[in-house]
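Read through the structure below, which is laid out as structure tokens, and then see the notes.
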Amino acid sequence: MGEEFKNQHIVCQAYLNRFAKKMGKRYIIGTRLKSTNQGVKLFTNSVANVAYIENYYDTCAQSDKKFWEHYLDKQFDVLCGQPLDNIIAKITLCPSDRRVLTESDKELLARIIISQTVRVPAFLDANIERTEDQLKEYKQEFLASLPSVSEKQRSLIEQISFDFDERKNIVLSCVFDEDRFNRFCSVLTQKVWCVFYNGIRDVMPFITSDNPVVITDMKGREETMTSIGLANDRTVILYPLTPSILIGIYSADVFFGELPKYDGHRMTIDDVKFITNVNLMLMRQSYIHSFLPEPLFSMAKQGV
């Protein structure tokens, strides 16, 4: 059982399949390795063999050490299958400038987007590390609140610690707490959702990565969920569903308050600069790999 769930995907395979080409029973995806001292590497691979970290969600703090891997699969990865297919089909078939997303569509997409944001190393590792400092601060505050503490009691309190495994479980338990998670989703659904349909997909498709939710501000400065916050009016969230479709989530106050009239609407775009900027942000924030659909992958291989 442990070996069966060893390769734990930080991005759902069903999601990545939409940026890949089906060849027999496998989905083959154009892959770009994040720039290193040896330069950029481009290669193809099976979706099953990318965007995973061995035993990443394992924790002995649960009776089943694969608990969080199973939880993510049952609660969120399943949404990236037929439910997301249905939304994509509706967007694809809808004429431009028409409202295409319902409130229930937003709720489903919000669950996918939030779960994806908090399951990647950029968020999870940073918050696991932060818990150590938070515990130190909490112990000091707790000791300061007590009227009188013996040296022995103080020593016992100061010795309280959690190992990496326990801190990982604490962070995952916090972010996936049902009430807290639903509040995160509610923040998103109350914003304005733009559906960008790529009119030049055959030349310049949207790419994706192993960290596919872009969090930025109105000036295009890349942020994180922790650094800027979801509710901030400056926060912009960009999430590609396919090489043709990008979800953009904005505050209702931006663009002089004119944006709400486009909430949930499909808008066809052919702005090379906009598409390229989104793709570059996805590349820069990738953990290890970004994924290039055709024909972009072949063009990159040829040095175009």
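Labeling convention for the structure tokens: chains A, B, ... as they appear, residues from 1 per chain, ligands from 1 in order of appearance.
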Could you pull out the strand (DSSP E) residues of stretch 145-304 of chain A, going by DSSP on the backbone, and write them as a PyMOL selection string?
chain A and resi 192-198+208-209+214-217+235-242+245-250+266-269+289-291
Output file for the residues above (N, CA and C atoms, as a tab-separated table (two decimals), in the first residue's frame):
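See out.tsv below for the written result:
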```
chain	number	residue	atom	x	y	z
A	192	VAL	N	-14.81	39.19	-8.60
A	192	VAL	CA	-15.25	39.19	-10.00
A	192	VAL	C	-14.42	38.16	-10.78
A	193	TRP	N	-15.13	37.28	-11.49
A	193	TRP	CA	-14.47	36.21	-12.24
A	193	TRP	C	-14.55	36.51	-13.74
A	194	CYS	N	-13.39	36.61	-14.38
A	194	CYS	CA	-13.33	36.79	-15.83
A	194	CYS	C	-12.85	35.49	-16.47
A	195	VAL	N	-13.49	35.12	-17.54
A	195	VAL	CA	-13.12	33.90	-18.26
A	195	VAL	C	-12.49	34.31	-19.58
A	196	PHE	N	-11.17	34.18	-19.67
A	196	PHE	CA	-10.44	34.58	-20.88
A	196	PHE	C	-10.32	33.38	-21.82
A	197	TYR	N	-10.88	33.54	-23.02
A	197	TYR	CA	-10.79	32.48	-24.03
A	197	TYR	C	-9.73	32.89	-25.06
A	198	ASN	N	-8.73	32.04	-25.20
A	198	ASN	CA	-7.57	32.36	-26.03
A	198	ASN	C	-7.88	32.19	-27.52
A	208	THR	N	1.00	25.81	-18.29
A	208	THR	CA	0.75	25.64	-16.86
A	208	THR	C	2.04	25.18	-16.21
A	209	SER	N	1.98	24.84	-14.93
A	209	SER	CA	3.20	24.43	-14.23
A	209	SER	C	2.85	23.53	-13.05
A	214	VAL	N	-1.43	31.42	-10.15
A	214	VAL	CA	-0.63	32.64	-10.07
A	214	VAL	C	-1.35	33.64	-9.17
A	215	ILE	N	-0.66	34.11	-8.14
A	215	ILE	CA	-1.18	35.17	-7.27
A	215	ILE	C	-0.29	36.39	-7.48
A	216	THR	N	-0.91	37.47	-7.92
A	216	THR	CA	-0.15	38.67	-8.25
A	216	THR	C	-0.94	39.88	-7.79
A	217	ASP	N	-0.40	41.07	-8.01
A	217	ASP	CA	-1.17	42.27	-7.70
A	217	ASP	C	-1.48	43.02	-9.00
A	235	THR	N	-5.24	41.99	-4.85
A	235	THR	CA	-4.92	40.61	-5.24
A	235	THR	C	-5.59	40.22	-6.55
A	236	VAL	N	-4.80	39.62	-7.43
A	236	VAL	CA	-5.30	39.05	-8.69
A	236	VAL	C	-4.89	37.58	-8.72
A	237	ILE	N	-5.83	36.73	-9.07
A	237	ILE	CA	-5.54	35.30	-9.17
A	237	ILE	C	-5.78	34.86	-10.60
A	238	LEU	N	-4.79	34.16	-11.17
A	238	LEU	CA	-4.88	33.67	-12.54
A	238	LEU	C	-4.65	32.16	-12.52
A	239	TYR	N	-5.54	31.44	-13.22
A	239	TYR	CA	-5.46	29.97	-13.20
A	239	TYR	C	-5.88	29.42	-14.56
A	240	PRO	N	-4.93	28.85	-15.31
A	240	PRO	CA	-5.29	28.28	-16.61
A	240	PRO	C	-6.02	26.94	-16.45
A	241	LEU	N	-7.16	26.82	-17.11
A	241	LEU	CA	-7.89	25.54	-17.09
A	241	LEU	C	-7.43	24.63	-18.22
A	242	THR	N	-7.13	25.24	-19.37
A	242	THR	CA	-6.67	24.50	-20.55
A	242	THR	C	-5.76	25.46	-21.33
A	245	ILE	N	-8.16	28.36	-22.10
A	245	ILE	CA	-9.01	29.03	-21.11
A	245	ILE	C	-8.21	29.40	-19.87
A	246	LEU	N	-8.36	30.67	-19.47
A	246	LEU	CA	-7.73	31.18	-18.26
A	246	LEU	C	-8.79	31.83	-17.38
A	247	ILE	N	-8.81	31.49	-16.10
A	247	ILE	CA	-9.68	32.15	-15.15
A	247	ILE	C	-8.91	33.30	-14.50
A	248	GLY	N	-9.51	34.50	-14.48
A	248	GLY	CA	-8.93	35.64	-13.79
A	248	GLY	C	-9.90	36.10	-12.71
A	249	ILE	N	-9.40	36.27	-11.48
A	249	ILE	CA	-10.24	36.65	-10.35
A	249	ILE	C	-9.75	37.98	-9.80
A	250	TYR	N	-10.65	38.98	-9.74
A	250	TYR	CA	-10.27	40.35	-9.41
A	250	TYR	C	-11.21	40.92	-8.36
A	266	ARG	N	-17.50	35.10	-20.62
A	266	ARG	CA	-16.40	34.65	-21.48
A	266	ARG	C	-15.98	35.82	-22.36
A	267	MET	N	-14.67	36.08	-22.37
A	267	MET	CA	-14.11	37.15	-23.20
A	267	MET	C	-12.99	36.58	-24.06
A	268	THR	N	-13.15	36.66	-25.37
A	268	THR	CA	-12.12	36.17	-26.28
A	268	THR	C	-10.99	37.19	-26.37
A	269	ILE	N	-9.76	36.73	-26.20
A	269	ILE	CA	-8.60	37.63	-26.25
A	269	ILE	C	-7.60	37.13	-27.29
A	289	HIS	N	9.00	22.24	-12.73
A	289	HIS	CA	8.62	22.13	-14.14
A	289	HIS	C	7.49	23.08	-14.52
A	290	SER	N	7.56	23.60	-15.73
A	290	SER	CA	6.40	24.20	-16.38
A	290	SER	C	6.07	23.34	-17.59
A	291	PHE	N	4.83	23.43	-18.05
A	291	PHE	CA	4.35	22.50	-19.08
A	291	PHE	C	3.81	23.27	-20.27
```
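The space separating atom CA of A:Glu166 from atom CA of A:Ala61 comes to 5.7 Å.
Near stretch 140-142 of chain A, within 10 Å and counting only C-alpha atoms, sit Gln134, Arg154, Ile157 and Glu158 of chain A; same-chain residues fewer than 6 positions away were not included.
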Secondary structure check, alpha helix (DSSP H) residues of stretch 24-230 of chain A, as a PyMOL selection string:
chain A and resi 67-75+82-93+103-119+121-145+151-158+164-175+178-189+225-228
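For the residues A:Asp270, A:Glu129, A:Glu178, A:Asp210, ranking by smallest atom-to-atom distance to A:Gln75 using only C-alpha atoms places A:Glu178 first.
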Would you mind listing what lies within 7 Å of stretch 15-32 of chain A as JSON, numbers by chain, with only C-alpha atoms counted and same-chain residues fewer than 3 positions away left out?
{"A": [12, 41, 42, 43, 44, 45, 46, 47, 80, 242, 243, 289, 290, 291, 292, 293, 297]}
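Around A:Ser186, within 12 Å and counting only C-alpha atoms, the residues found are Glu103, Ser104, Lys106, Glu107, Leu108, Leu109, Ala110, Arg111, Ile113, Ile114, Asp179, Arg180, Phe181, Asn182, Arg183, Thr189, Gln190, Lys191, Leu230 and Ala231 of chain A, once anything fewer than 3 positions away on its own chain is removed.
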For A:Tyr52, find every residue with an atom within 8 Å (counting only C-alpha atoms), except residues of its own chain fewer than 2 positions away, and show them as an mmCIF file with C-alpha atoms, in the first residue's frame.
```cif
data_model
loop_
_atom_site.group_PDB
_atom_site.id
_atom_site.type_symbol
_atom_site.label_atom_id
_atom_site.label_comp_id
_atom_site.auth_asym_id
_atom_site.auth_seq_id
_atom_site.Cartn_x
_atom_site.Cartn_y
_atom_site.Cartn_z
ATOM 1 C CA ASN A 7 4.617 9.223 -5.998
ATOM 2 C CA GLN A 8 2.330 11.934 -4.648
ATOM 3 C CA HIS A 9 1.297 14.549 -7.191
ATOM 4 C CA ILE A 10 1.354 18.181 -6.132
ATOM 5 C CA VAL A 11 -0.849 18.907 -9.166
ATOM 6 C CA ASN A 49 5.987 10.988 -14.158
ATOM 7 C CA VAL A 50 5.927 14.746 -13.515
ATOM 8 C CA GLU A 54 7.835 11.019 -3.201
#
```
May I ask for the distance between atom CA of A:Met218 and atom CA of A:Arg234, given in Å to one decimal place?
5.7 Å
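In this structure, atom CA of A:Gln116 sits 21.4 Å away from atom CA of A:Ile275.
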Listing only residues of stretch 106-222 of chain A within 10 Å of stretch 64-71 of chain A, what is the closest atom pair and its distance in Å (to one decimal) for each, using only C-alpha atoms, sorted by chain and residue number ascending, as a tab-separated table?
```
residue	atom	partner	partner_atom	distance
A:Asn169	CA	A:Trp68	CA	8.6
A:Leu172	CA	A:Trp68	CA	7.9
A:Ser173	CA	A:Trp68	CA	9.2
A:Phe176	CA	A:Tyr71	CA	9.7
```
